[in-house]
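**Student:** Structure below; questions to follow.
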Amino acid sequence: MCVIVDSGMSMSAMDQGVPRFLTTTRRTIGQLPPNIPPQTSVDLIVIPAGGWQTTLRDLPDVVASIPVSAIDSRAAVIAAVQNQLASGSRPVIVVSDEPLGIASDRLVQVYPSRIPDDVGIIHLAASESARPQVMFRLRNESSRKTAPIRISSGTAKVERDVELPPNGQERDYFIDMNELGEKVIAELTTGDDQPANDRRWLVREGSNPRIEIRAPVSPSLRRMLDVYTKNRPPDAASRPLAIVGRIEDLPADSPGIVVATNDSMQPARGPIAAVDHPVTQNVNWSSITGEFQMSGNAPQGWTTVLSTGGKVMVAVQEGAIRRAWIGFDQTNWPGTTDFVIFWANVLNWCAAGAPHFVSHPLADWRDDWKLLEVPAISPPPAAGQWPGIYRSPDGADHALNAPNVRASAASNDDWKARLAAMRDTTTGGRSIAHLLMLLAVGLIAAAALTLDSQSRLRKTANAGSTM
């Protein structure tokens, strides 16, 4: 007998205090024909836990030892079913609520009896662009009207009851925060049947650049670079961002910025034209007034993003390694807000952007990542199969969240009749009742032959006595 048990996220939801895959397995055994002996061998395949050889008697205890998980198991369950149907002739029992889309006389799928009571956080985002704000999305699959939620980040914490959408629907919510720290945690503070989506995490990712000034720069630019570094301190994973005076001095394997020297500049005047590019965004170029200095040594083949009178003021080199060439200067401009915005744009773009809040699916988990907070679940989930904050060997933290999986339940009980009529694999594919019938016919035939032989012997004996 082959039994496939789905212990993915939807089947790991709770039912009567235990995972749905366990209660459904117990119901499956209760519907088996009573003439299948308890010692019947079972090939148990658990998605995603692995495989076991057990017996029908021990099957509930083995399944009870399987940890819950929060993975999207549908593709793996379908592959396992297809493999078992293709590799043999025995029946395959599947304990899962996934719609398999597979038709086979040898396949019996057993569904859970009910849908879990669940309010889940299915999306989380955070932004600091205008003011610190967190957005989360809830899906309601319960009869509840409200739910308490807590949003935490740094030293800031917001707790409130939110009005839920109707059963089966989703709704977005926005929460203003005093600040946003390195992590954002959203959590529903009352439990339900599906703990895997009661919490969701975000972590700042993307290291700030390690600025290396390798050529003389103006005092105003040096102050700007110092302020930038103070507000965006580099870490051990930061890449160098070189500030050089000539294109020839740019490093080959890391980003860089060429700042043209005053020695190569000539006076210029005229309207400034800016191309829509991250380097030029949100800058009021009319703040550069009067005469300014320009270099005539713009790099060939780079993309012009700022110019005047057809002459290049700023050019960039796109690609995996980003570079910028700054070929102008103006005496009064460094005292303006636009000077700060422009240089922040250049530094952020060359360094491939400042850190931002990121989350990953559980499928992104790596073998050397460790879950920082192990859930109080027994048996505990296997590594990489439960959401939370994971730490990689380099000390970086990563938010891994549960997939957006919806649970379902059986719409009818036709599987019960199919299970009751199932053929036992321990008898070569024939039903036990059928074999017992054949055995009975054989015994009757043997008895008839015995009676016939005894009758013949009597007749022979009687004939001898009359001679």
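We label chains A, B, ... in the order they appear in the structure tokens, count residues from 1 in each chain, and number ligands from 1 in the order shown.
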What parts of stretch 230-414 of chain A does DSSP call strand (DSSP E or B)? I'd like the answer as a PDB file with N, CA and C atoms, in the first residue's frame.
**Tutor:**
```pdb
ATOM      1  N   PRO A 240      33.405  48.955  -2.329  1.00  0.00           N
ATOM      2  CA  PRO A 240      34.014  50.279  -2.427  1.00  0.00           C
ATOM      3  C   PRO A 240      33.392  51.091  -3.554  1.00  0.00           C
ATOM      4  N   LEU A 241      33.268  52.389  -3.338  1.00  0.00           N
ATOM      5  CA  LEU A 241      32.825  53.331  -4.365  1.00  0.00           C
ATOM      6  C   LEU A 241      33.921  54.389  -4.479  1.00  0.00           C
ATOM      7  N   ALA A 242      34.705  54.294  -5.552  1.00  0.00           N
ATOM      8  CA  ALA A 242      35.889  55.140  -5.702  1.00  0.00           C
ATOM      9  C   ALA A 242      35.518  56.506  -6.274  1.00  0.00           C
ATOM     10  N   ILE A 243      36.089  57.543  -5.698  1.00  0.00           N
ATOM     11  CA  ILE A 243      35.981  58.907  -6.221  1.00  0.00           C
ATOM     12  C   ILE A 243      37.344  59.250  -6.817  1.00  0.00           C
ATOM     13  N   VAL A 244      37.404  59.383  -8.138  1.00  0.00           N
ATOM     14  CA  VAL A 244      38.675  59.592  -8.826  1.00  0.00           C
ATOM     15  C   VAL A 244      38.609  60.864  -9.668  1.00  0.00           C
ATOM     16  N   GLY A 256      32.389  53.558  -9.587  1.00  0.00           N
ATOM     17  CA  GLY A 256      33.220  54.723  -9.332  1.00  0.00           C
ATOM     18  C   GLY A 256      32.608  55.989  -9.901  1.00  0.00           C
ATOM     19  N   ILE A 257      33.126  57.113  -9.443  1.00  0.00           N
ATOM     20  CA  ILE A 257      32.675  58.430  -9.893  1.00  0.00           C
ATOM     21  C   ILE A 257      33.899  59.246 -10.270  1.00  0.00           C
ATOM     22  N   VAL A 258      33.866  59.802 -11.480  1.00  0.00           N
ATOM     23  CA  VAL A 258      34.942  60.676 -11.939  1.00  0.00           C
ATOM     24  C   VAL A 258      34.505  62.118 -11.707  1.00  0.00           C
ATOM     25  N   VAL A 259      35.288  62.861 -10.929  1.00  0.00           N
ATOM     26  CA  VAL A 259      35.011  64.276 -10.684  1.00  0.00           C
ATOM     27  C   VAL A 259      36.092  65.073 -11.413  1.00  0.00           C
ATOM     28  N   MET A 265      38.764  72.664 -16.670  1.00  0.00           N
ATOM     29  CA  MET A 265      37.463  73.299 -16.865  1.00  0.00           C
ATOM     30  C   MET A 265      37.571  74.668 -17.518  1.00  0.00           C
ATOM     31  N   GLN A 266      36.483  74.990 -18.247  1.00  0.00           N
ATOM     32  CA  GLN A 266      36.369  76.282 -18.917  1.00  0.00           C
ATOM     33  C   GLN A 266      35.035  76.921 -18.542  1.00  0.00           C
ATOM     34  N   PRO A 267      34.978  78.266 -18.556  1.00  0.00           N
ATOM     35  CA  PRO A 267      33.716  78.941 -18.220  1.00  0.00           C
ATOM     36  C   PRO A 267      32.618  78.600 -19.228  1.00  0.00           C
ATOM     37  N   ALA A 268      31.376  78.498 -18.717  1.00  0.00           N
ATOM     38  CA  ALA A 268      30.224  78.209 -19.584  1.00  0.00           C
ATOM     39  C   ALA A 268      29.006  78.904 -19.005  1.00  0.00           C
ATOM     40  N   ALA A 273      19.852  71.208 -19.785  1.00  0.00           N
ATOM     41  CA  ALA A 273      18.873  70.190 -20.178  1.00  0.00           C
ATOM     42  C   ALA A 273      19.180  68.889 -19.439  1.00  0.00           C
ATOM     43  N   ALA A 274      18.172  68.358 -18.754  1.00  0.00           N
ATOM     44  CA  ALA A 274      18.342  67.118 -17.986  1.00  0.00           C
ATOM     45  C   ALA A 274      17.496  66.010 -18.581  1.00  0.00           C
ATOM     46  N   PHE A 292      29.183  78.993 -14.867  1.00  0.00           N
ATOM     47  CA  PHE A 292      29.695  77.811 -14.184  1.00  0.00           C
ATOM     48  C   PHE A 292      30.861  77.262 -14.988  1.00  0.00           C
ATOM     49  N   GLN A 293      31.557  76.280 -14.415  1.00  0.00           N
ATOM     50  CA  GLN A 293      32.741  75.697 -15.041  1.00  0.00           C
ATOM     51  C   GLN A 293      32.392  74.338 -15.639  1.00  0.00           C
ATOM     52  N   MET A 294      32.946  74.057 -16.821  1.00  0.00           N
ATOM     53  CA  MET A 294      32.700  72.781 -17.492  1.00  0.00           C
ATOM     54  C   MET A 294      33.997  72.204 -18.021  1.00  0.00           C
ATOM     55  N   SER A 295      34.078  70.862 -17.994  1.00  0.00           N
ATOM     56  CA  SER A 295      35.213  70.157 -18.584  1.00  0.00           C
ATOM     57  C   SER A 295      34.839  69.683 -19.977  1.00  0.00           C
ATOM     58  N   THR A 303      26.403  57.603 -21.517  1.00  0.00           N
ATOM     59  CA  THR A 303      25.095  58.211 -21.744  1.00  0.00           C
ATOM     60  C   THR A 303      25.036  59.584 -21.094  1.00  0.00           C
ATOM     61  N   THR A 304      24.718  60.599 -21.893  1.00  0.00           N
ATOM     62  CA  THR A 304      24.600  61.955 -21.362  1.00  0.00           C
ATOM     63  C   THR A 304      23.267  62.120 -20.653  1.00  0.00           C
ATOM     64  N   VAL A 305      23.311  62.603 -19.405  1.00  0.00           N
ATOM     65  CA  VAL A 305      22.064  62.833 -18.662  1.00  0.00           C
ATOM     66  C   VAL A 305      21.881  64.298 -18.292  1.00  0.00           C
ATOM     67  N   LEU A 306      22.946  65.103 -18.443  1.00  0.00           N
ATOM     68  CA  LEU A 306      22.854  66.535 -18.168  1.00  0.00           C
ATOM     69  C   LEU A 306      23.769  67.259 -19.150  1.00  0.00           C
ATOM     70  N   SER A 307      23.249  68.320 -19.769  1.00  0.00           N
ATOM     71  CA  SER A 307      24.044  69.011 -20.782  1.00  0.00           C
ATOM     72  C   SER A 307      23.600  70.467 -20.895  1.00  0.00           C
ATOM     73  N   THR A 308      24.415  71.240 -21.577  1.00  0.00           N
ATOM     74  CA  THR A 308      24.072  72.616 -21.905  1.00  0.00           C
ATOM     75  C   THR A 308      24.687  72.946 -23.256  1.00  0.00           C
ATOM     76  N   LYS A 311      26.806  70.389 -24.944  1.00  0.00           N
ATOM     77  CA  LYS A 311      28.019  69.933 -24.269  1.00  0.00           C
ATOM     78  C   LYS A 311      27.661  69.149 -23.004  1.00  0.00           C
ATOM     79  N   VAL A 312      28.411  68.092 -22.743  1.00  0.00           N
ATOM     80  CA  VAL A 312      28.101  67.168 -21.653  1.00  0.00           C
ATOM     81  C   VAL A 312      28.520  67.750 -20.306  1.00  0.00           C
ATOM     82  N   MET A 313      27.581  67.713 -19.344  1.00  0.00           N
ATOM     83  CA  MET A 313      27.877  68.114 -17.974  1.00  0.00           C
ATOM     84  C   MET A 313      27.981  66.885 -17.057  1.00  0.00           C
ATOM     85  N   VAL A 314      27.074  65.909 -17.261  1.00  0.00           N
ATOM     86  CA  VAL A 314      27.078  64.664 -16.494  1.00  0.00           C
ATOM     87  C   VAL A 314      26.791  63.515 -17.448  1.00  0.00           C
ATOM     88  N   ALA A 315      27.596  62.452 -17.336  1.00  0.00           N
ATOM     89  CA  ALA A 315      27.388  61.248 -18.151  1.00  0.00           C
ATOM     90  C   ALA A 315      27.477  60.032 -17.239  1.00  0.00           C
ATOM     91  N   VAL A 316      26.789  58.969 -17.622  1.00  0.00           N
ATOM     92  CA  VAL A 316      26.785  57.749 -16.803  1.00  0.00           C
ATOM     93  C   VAL A 316      27.081  56.550 -17.694  1.00  0.00           C
ATOM     94  N   GLN A 317      27.599  55.520 -17.060  1.00  0.00           N
ATOM     95  CA  GLN A 317      27.840  54.242 -17.730  1.00  0.00           C
ATOM     96  C   GLN A 317      26.985  53.186 -17.032  1.00  0.00           C
ATOM     97  N   ARG A 323      28.922  53.647 -13.246  1.00  0.00           N
ATOM     98  CA  ARG A 323      29.900  54.734 -13.110  1.00  0.00           C
ATOM     99  C   ARG A 323      29.258  56.042 -13.550  1.00  0.00           C
ATOM    100  N   ALA A 324      29.761  57.138 -12.987  1.00  0.00           N
ATOM    101  CA  ALA A 324      29.271  58.467 -13.356  1.00  0.00           C
ATOM    102  C   ALA A 324      30.448  59.401 -13.578  1.00  0.00           C
ATOM    103  N   TRP A 325      30.284  60.320 -14.500  1.00  0.00           N
ATOM    104  CA  TRP A 325      31.291  61.346 -14.787  1.00  0.00           C
ATOM    105  C   TRP A 325      30.647  62.705 -14.527  1.00  0.00           C
ATOM    106  N   ILE A 326      31.235  63.476 -13.607  1.00  0.00           N
ATOM    107  CA  ILE A 326      30.709  64.792 -13.249  1.00  0.00           C
ATOM    108  C   ILE A 326      31.670  65.828 -13.816  1.00  0.00           C
ATOM    109  N   PHE A 328      31.183  69.320 -14.293  1.00  0.00           N
ATOM    110  CA  PHE A 328      30.886  70.752 -14.103  1.00  0.00           C
ATOM    111  C   PHE A 328      31.014  71.115 -12.623  1.00  0.00           C
ATOM    112  N   ASP A 329      31.107  72.407 -12.369  1.00  0.00           N
ATOM    113  CA  ASP A 329      31.148  72.926 -11.002  1.00  0.00           C
ATOM    114  C   ASP A 329      30.641  74.364 -11.038  1.00  0.00           C
ATOM    115  N   HIS A 356      16.924  48.985   1.441  1.00  0.00           N
ATOM    116  CA  HIS A 356      15.475  49.080   1.453  1.00  0.00           C
ATOM    117  C   HIS A 356      14.902  47.833   2.100  1.00  0.00           C
ATOM    118  N   PHE A 357      13.641  47.886   2.472  1.00  0.00           N
ATOM    119  CA  PHE A 357      13.027  46.766   3.166  1.00  0.00           C
ATOM    120  C   PHE A 357      12.674  45.653   2.183  1.00  0.00           C
ATOM    121  N   VAL A 358      13.100  44.443   2.561  1.00  0.00           N
ATOM    122  CA  VAL A 358      12.973  43.301   1.657  1.00  0.00           C
ATOM    123  C   VAL A 358      12.447  42.101   2.439  1.00  0.00           C
ATOM    124  N   HIS A 360      11.649  37.659   1.574  1.00  0.00           N
ATOM    125  CA  HIS A 360      11.869  36.573   0.625  1.00  0.00           C
ATOM    126  C   HIS A 360      10.871  35.452   0.875  1.00  0.00           C
ATOM    127  N   PRO A 361      10.565  34.674  -0.157  1.00  0.00           N
ATOM    128  CA  PRO A 361       9.779  33.459   0.080  1.00  0.00           C
ATOM    129  C   PRO A 361      10.643  32.398   0.749  1.00  0.00           C
ATOM    130  N   LYS A 370      20.273  30.286   9.564  1.00  0.00           N
ATOM    131  CA  LYS A 370      19.735  29.799  10.825  1.00  0.00           C
ATOM    132  C   LYS A 370      18.537  30.650  11.263  1.00  0.00           C
ATOM    133  N   LEU A 371      17.444  29.987  11.653  1.00  0.00           N
ATOM    134  CA  LEU A 371      16.265  30.678  12.154  1.00  0.00           C
ATOM    135  C   LEU A 371      16.556  31.229  13.548  1.00  0.00           C
ATOM    136  N   GLY A 388      10.223  33.388   9.305  1.00  0.00           N
ATOM    137  CA  GLY A 388      10.885  34.102  10.386  1.00  0.00           C
ATOM    138  C   GLY A 388      12.097  34.857   9.883  1.00  0.00           C
ATOM    139  N   ILE A 389      12.908  35.345  10.812  1.00  0.00           N
ATOM    140  CA  ILE A 389      14.161  36.016  10.485  1.00  0.00           C
ATOM    141  C   ILE A 389      15.278  34.971  10.512  1.00  0.00           C
ATOM    142  N   TYR A 390      15.987  34.851   9.412  1.00  0.00           N
ATOM    143  CA  TYR A 390      17.111  33.920   9.304  1.00  0.00           C
ATOM    144  C   TYR A 390      18.412  34.706   9.203  1.00  0.00           C
ATOM    145  N   ARG A 391      19.462  34.164   9.792  1.00  0.00           N
ATOM    146  CA  ARG A 391      20.771  34.817   9.754  1.00  0.00           C
ATOM    147  C   ARG A 391      21.750  33.985   8.952  1.00  0.00           C
ATOM    148  N   ASP A 397      20.850  39.490   8.258  1.00  0.00           N
ATOM    149  CA  ASP A 397      19.544  38.907   8.540  1.00  0.00           C
ATOM    150  C   ASP A 397      18.660  38.977   7.300  1.00  0.00           C
ATOM    151  N   HIS A 398      17.781  37.969   7.152  1.00  0.00           N
ATOM    152  CA  HIS A 398      16.908  37.872   5.994  1.00  0.00           C
ATOM    153  C   HIS A 398      15.506  37.488   6.459  1.00  0.00           C
ATOM    154  N   ALA A 399      14.498  38.188   5.943  1.00  0.00           N
ATOM    155  CA  ALA A 399      13.106  37.895   6.280  1.00  0.00           C
ATOM    156  C   ALA A 399      12.549  36.889   5.285  1.00  0.00           C
ATOM    157  N   LEU A 400      12.152  35.725   5.786  1.00  0.00           N
ATOM    158  CA  LEU A 400      11.539  34.694   4.963  1.00  0.00           C
ATOM    159  C   LEU A 400      10.097  34.508   5.422  1.00  0.00           C
ATOM    160  N   ASN A 401       9.151  34.730   4.519  1.00  0.00           N
ATOM    161  CA  ASN A 401       7.741  34.715   4.883  1.00  0.00           C
ATOM    162  C   ASN A 401       6.992  33.558   4.246  1.00  0.00           C
TER     163      ASN A 401
END
```
**Student:** I'd like the contact shell of A:Pro112 - 12 Å cut-off, only C-alpha atoms, skipping same-chain residues fewer than 4 positions apart - returned as number ranges by chain.
**Tutor:** A: 5-6, 10-16, 19-28, 94-98, 116, 407-413, 415
**Student:** Mind writing the picked residues with N, CA, C and O atoms as a short mmCIF file (atom, residue, chain, number, x, y, z; two decimals), in the first residue's frame?
**Tutor:**
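Saved file again32.cif follows:
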```
data_model
loop_
_atom_site.label_atom_id
_atom_site.label_comp_id
_atom_site.auth_asym_id
_atom_site.auth_seq_id
_atom_site.Cartn_x
_atom_site.Cartn_y
_atom_site.Cartn_z
N VAL A 5 1.27 11.64 2.14
CA VAL A 5 0.72 12.62 3.09
C VAL A 5 1.32 13.99 2.79
O VAL A 5 2.55 14.14 2.78
N ASP A 6 0.47 14.94 2.55
CA ASP A 6 0.87 16.32 2.29
C ASP A 6 0.94 17.07 3.63
O ASP A 6 -0.07 17.27 4.29
N SER A 10 -1.00 24.41 3.93
CA SER A 10 -2.45 24.31 4.14
C SER A 10 -2.81 23.09 4.97
O SER A 10 -3.73 23.13 5.80
N MET A 11 -2.09 21.97 4.80
CA MET A 11 -2.38 20.76 5.56
C MET A 11 -1.75 20.79 6.95
O MET A 11 -2.06 19.96 7.79
N SER A 12 -0.85 21.76 7.20
CA SER A 12 -0.27 21.92 8.54
C SER A 12 -1.08 22.84 9.42
O SER A 12 -0.73 23.06 10.58
N ALA A 13 -2.15 23.42 8.89
CA ALA A 13 -3.05 24.19 9.73
C ALA A 13 -3.68 23.26 10.77
O ALA A 13 -3.73 22.05 10.59
N MET A 14 -4.15 23.85 11.86
CA MET A 14 -4.66 23.05 12.96
C MET A 14 -6.10 22.60 12.74
O MET A 14 -6.91 23.33 12.16
N ASP A 15 -6.40 21.41 13.22
CA ASP A 15 -7.75 20.84 13.20
C ASP A 15 -7.92 20.04 14.49
O ASP A 15 -7.23 19.03 14.67
N GLN A 16 -8.77 20.53 15.39
CA GLN A 16 -8.96 19.89 16.69
C GLN A 16 -7.64 19.82 17.47
O GLN A 16 -7.36 18.85 18.18
N PRO A 19 -2.36 18.97 13.54
CA PRO A 19 -2.32 19.32 12.12
C PRO A 19 -3.39 18.58 11.31
O PRO A 19 -3.73 17.44 11.60
N ARG A 20 -3.87 19.26 10.29
CA ARG A 20 -4.90 18.66 9.44
C ARG A 20 -4.43 17.36 8.80
O ARG A 20 -5.22 16.44 8.58
N PHE A 21 -3.13 17.28 8.49
CA PHE A 21 -2.67 16.05 7.83
C PHE A 21 -2.78 14.85 8.77
O PHE A 21 -2.94 13.71 8.31
N LEU A 22 -2.70 15.08 10.09
CA LEU A 22 -2.83 13.98 11.04
C LEU A 22 -4.29 13.57 11.23
O LEU A 22 -4.62 12.37 11.19
N THR A 23 -5.18 14.55 11.43
CA THR A 23 -6.59 14.19 11.59
C THR A 23 -7.13 13.54 10.33
O THR A 23 -7.94 12.60 10.39
N THR A 24 -6.68 13.98 9.17
CA THR A 24 -7.16 13.39 7.91
C THR A 24 -6.60 11.99 7.72
O THR A 24 -7.29 11.11 7.20
N THR A 25 -5.36 11.77 8.12
CA THR A 25 -4.79 10.41 8.04
C THR A 25 -5.57 9.45 8.95
O THR A 25 -5.86 8.30 8.56
N ARG A 26 -5.91 9.90 10.15
CA ARG A 26 -6.67 9.04 11.05
C ARG A 26 -8.04 8.70 10.46
O ARG A 26 -8.51 7.56 10.56
N ARG A 27 -8.69 9.69 9.83
CA ARG A 27 -9.97 9.43 9.18
C ARG A 27 -9.81 8.47 8.02
O ARG A 27 -10.68 7.62 7.76
N THR A 28 -8.69 8.58 7.31
CA THR A 28 -8.43 7.67 6.19
C THR A 28 -8.37 6.23 6.67
O THR A 28 -9.00 5.34 6.08
N VAL A 94 -3.81 9.48 -1.28
CA VAL A 94 -3.22 10.79 -1.08
C VAL A 94 -4.02 11.56 -0.04
O VAL A 94 -5.24 11.70 -0.17
N VAL A 95 -3.35 12.02 1.01
CA VAL A 95 -3.96 12.84 2.05
C VAL A 95 -3.55 14.29 1.76
O VAL A 95 -2.43 14.70 2.07
N SER A 96 -4.45 15.06 1.16
CA SER A 96 -4.11 16.42 0.75
C SER A 96 -5.37 17.18 0.38
O SER A 96 -6.37 16.58 -0.05
N ASP A 97 -5.31 18.52 0.53
CA ASP A 97 -6.42 19.34 0.06
C ASP A 97 -6.10 20.03 -1.26
O ASP A 97 -6.87 20.86 -1.74
N GLU A 98 -4.95 19.70 -1.85
CA GLU A 98 -4.55 20.30 -3.11
C GLU A 98 -5.36 19.71 -4.27
O GLU A 98 -5.52 18.49 -4.36
N PRO A 116 -9.77 25.61 7.65
CA PRO A 116 -9.30 26.23 8.90
C PRO A 116 -9.90 27.62 9.11
O PRO A 116 -10.18 28.36 8.16
N ALA A 407 -6.27 27.26 2.01
CA ALA A 407 -6.69 25.90 2.33
C ALA A 407 -8.07 25.63 1.74
O ALA A 407 -8.86 26.54 1.49
N SER A 408 -8.35 24.34 1.51
CA SER A 408 -9.67 23.93 1.04
C SER A 408 -10.07 22.66 1.76
O SER A 408 -9.31 22.10 2.55
N ALA A 409 -11.27 22.18 1.48
CA ALA A 409 -11.77 20.95 2.11
C ALA A 409 -12.61 20.19 1.11
O ALA A 409 -12.92 20.68 0.01
N ALA A 410 -12.99 18.95 1.47
CA ALA A 410 -13.74 18.09 0.56
C ALA A 410 -15.14 18.66 0.31
O ALA A 410 -15.79 19.14 1.22
N SER A 411 -15.57 18.61 -0.96
CA SER A 411 -16.92 19.03 -1.30
C SER A 411 -17.89 17.86 -1.29
O SER A 411 -19.10 18.06 -1.32
N ASN A 412 -17.38 16.63 -1.28
CA ASN A 412 -18.24 15.45 -1.20
C ASN A 412 -17.44 14.32 -0.57
O ASN A 412 -16.25 14.44 -0.32
N ASP A 413 -18.12 13.22 -0.31
CA ASP A 413 -17.50 12.09 0.38
C ASP A 413 -17.34 10.87 -0.53
O ASP A 413 -17.33 9.74 -0.05
N TRP A 415 -14.81 9.81 -1.85
CA TRP A 415 -13.57 9.10 -1.56
C TRP A 415 -13.79 7.98 -0.55
O TRP A 415 -13.05 6.99 -0.54
#
```
**Student:** Just the helix (DSSP H, G or I) stuff from stretch 146-365 of chain A, please, per backbone DSSP, written as a VMD selection string.
**Tutor:** chain A and resid 195 to 197 219 to 231 247 to 249 262 to 264 285 to 287 333 to 335 337 to 350 362 to 364
**Student:** What's the 7 Å shell around stretch 416-421 of chain A, counting only C-alpha atoms, without same-chain residues fewer than 6 positions away, as a ChimeraX atom specification?
**Tutor:** /A:31-33,108
**Student:** Hey, can you check how far atom CA of A:Thr146 sits from atom CA of A:Pro165?
**Tutor:**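 Spanning atom CA of A:Thr146 to atom CA of A:Pro165 is a straight-line distance of 8.6 Å.
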**Student:** Need the shell around stretch 180-187 of chain A: protein/DNA/RNA residues with any atom at most 9 Å away, counting only C-alpha atoms. Skip same-chain ones fewer than 3 positions apart. Format as a ChimeraX atom specification?
**Tutor:** /A:121,124-128,132-134,136,148-156,177,190,197-205,357,399
**Student:** Convert the current residue selection to file output with N, CA and C atoms, as a CSV table (one decimal), in the first residue's frame.
**Tutor:**
```csv
chain,number,residue,atom,x,y,z
A,121,ILE,N,-1.9,37.4,7.5
A,121,ILE,CA,-1.1,38.6,6.9
A,121,ILE,C,-0.5,38.0,5.6
A,124,LEU,N,3.3,42.5,3.3
A,124,LEU,CA,3.8,43.6,4.2
A,124,LEU,C,4.8,44.4,3.4
A,125,ALA,N,4.7,45.7,3.5
A,125,ALA,CA,5.7,46.6,2.9
A,125,ALA,C,5.9,47.8,3.8
A,126,ALA,N,7.0,48.5,3.7
A,126,ALA,CA,7.4,49.7,4.5
A,126,ALA,C,8.1,50.7,3.6
A,127,SER,N,7.9,51.9,3.9
A,127,SER,CA,8.5,53.0,3.2
A,127,SER,C,8.8,54.2,4.1
A,128,GLU,N,9.9,54.9,3.7
A,128,GLU,CA,10.3,56.1,4.4
A,128,GLU,C,10.4,57.3,3.5
A,132,PRO,N,7.6,57.7,7.7
A,132,PRO,CA,7.6,56.2,8.0
A,132,PRO,C,6.2,55.6,8.0
A,133,GLN,N,6.0,54.6,7.2
A,133,GLN,CA,4.7,54.0,7.0
A,133,GLN,C,4.8,52.6,6.7
A,134,VAL,N,3.9,51.8,7.2
A,134,VAL,CA,3.8,50.4,7.0
A,134,VAL,C,2.5,50.0,6.4
A,136,PHE,N,0.1,46.7,5.3
A,136,PHE,CA,-0.1,45.2,5.4
A,136,PHE,C,-1.5,44.9,4.8
A,148,PRO,N,-6.9,42.0,16.3
A,148,PRO,CA,-5.9,42.9,16.9
A,148,PRO,C,-4.5,42.7,16.2
A,149,ILE,N,-3.8,43.8,15.8
A,149,ILE,CA,-2.6,43.6,15.1
A,149,ILE,C,-1.5,44.5,15.8
A,150,ARG,N,-0.3,44.1,15.8
A,150,ARG,CA,0.8,44.9,16.3
A,150,ARG,C,1.9,45.0,15.2
A,151,ILE,N,2.3,46.3,15.0
A,151,ILE,CA,3.4,46.6,14.1
A,151,ILE,C,4.6,47.1,14.9
A,152,SER,N,5.8,46.5,14.8
A,152,SER,CA,7.0,46.9,15.6
A,152,SER,C,8.1,47.1,14.6
A,153,SER,N,8.9,48.2,14.9
A,153,SER,CA,10.1,48.5,14.2
A,153,SER,C,11.0,49.4,15.0
A,154,GLY,N,12.2,49.0,15.3
A,154,GLY,CA,13.1,49.7,16.1
A,154,GLY,C,12.4,49.9,17.5
A,155,THR,N,12.3,51.1,18.0
A,155,THR,CA,11.7,51.4,19.3
A,155,THR,C,10.2,51.7,19.1
A,156,ALA,N,9.7,51.8,17.9
A,156,ALA,CA,8.3,52.1,17.6
A,156,ALA,C,7.4,50.9,17.6
A,177,MET,N,4.2,55.3,11.4
A,177,MET,CA,5.1,54.9,12.4
A,177,MET,C,6.0,56.1,12.8
A,190,THR,N,-3.9,37.4,18.3
A,190,THR,CA,-4.7,36.3,18.7
A,190,THR,C,-4.5,35.2,17.7
A,197,ASN,N,0.8,32.2,9.0
A,197,ASN,CA,0.7,33.5,8.4
A,197,ASN,C,0.2,34.6,9.4
A,198,ASP,N,0.3,34.3,10.7
A,198,ASP,CA,0.0,35.2,11.7
A,198,ASP,C,1.1,36.3,11.9
A,199,ARG,N,2.3,36.1,11.4
A,199,ARG,CA,3.4,37.0,11.5
A,199,ARG,C,4.0,37.2,10.1
A,200,ARG,N,4.6,38.4,9.9
A,200,ARG,CA,5.3,38.7,8.7
A,200,ARG,C,6.4,39.6,9.0
A,201,TRP,N,7.5,39.5,8.3
A,201,TRP,CA,8.7,40.3,8.6
A,201,TRP,C,9.3,41.0,7.3
A,202,LEU,N,10.0,42.1,7.6
A,202,LEU,CA,10.8,42.8,6.6
A,202,LEU,C,12.2,43.1,7.2
A,203,VAL,N,13.2,43.1,6.4
A,203,VAL,CA,14.6,43.4,6.9
A,203,VAL,C,15.2,44.4,5.9
A,204,ARG,N,15.9,45.3,6.4
A,204,ARG,CA,16.7,46.2,5.4
A,204,ARG,C,17.8,45.4,4.8
A,205,GLU,N,17.9,45.4,3.5
A,205,GLU,CA,18.9,44.8,2.8
A,205,GLU,C,19.6,45.7,1.8
A,357,PHE,N,13.6,47.9,2.5
A,357,PHE,CA,13.0,46.8,3.2
A,357,PHE,C,12.7,45.7,2.2
A,399,ALA,N,14.5,38.2,5.9
A,399,ALA,CA,13.1,37.9,6.3
A,399,ALA,C,12.5,36.9,5.3
```
**Student:** Quick one: pull the distance between atom CA of A:Ser89 and atom CA of A:Thr54, Å, one decimal.
**Tutor:**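 Computed distance, atom CA of A:Ser89 to atom CA of A:Thr54, equals 19.6 Å.
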**Student:** Neighbouring residues of stretch 91-93 of chain A were defined as those with any atom within 10 Å, considering only C-alpha atoms; residues of the same chain fewer than 2 positions away were excluded. Please report them as a ChimeraX atom specification.
**Tutor:** /A:1-5,25,28,43-44,81-82,84-85,88-89,95-96,104-110,415,419,422-425,429
**Student:** Restricting the calculation to only C-alpha atoms, which member of A:Asn83, A:Ser207, A:Thr280, A:Ser218 is positioned closest to A:Asp235?
**Tutor:**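 Of all the options, A:Ser207 lies closest to A:Asp235.
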**Student:** Given the choices A:Met135, A:Ala76, A:Leu347, A:Ile45, which gets closest to A:Ile211 if the distance is worked out from only C-alpha atoms?
**Tutor:**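 The shortest atom-to-atom distance to A:Ile211 comes from A:Leu347.
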**Student:** Report, in Å to a single decimal, how far apart atom CA of A:Ala376 and atom CA of A:Ile47 are.
**Tutor:**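 Result for atom CA of A:Ile47 versus atom CA of A:Ala376: 21.8 Å, one decimal.
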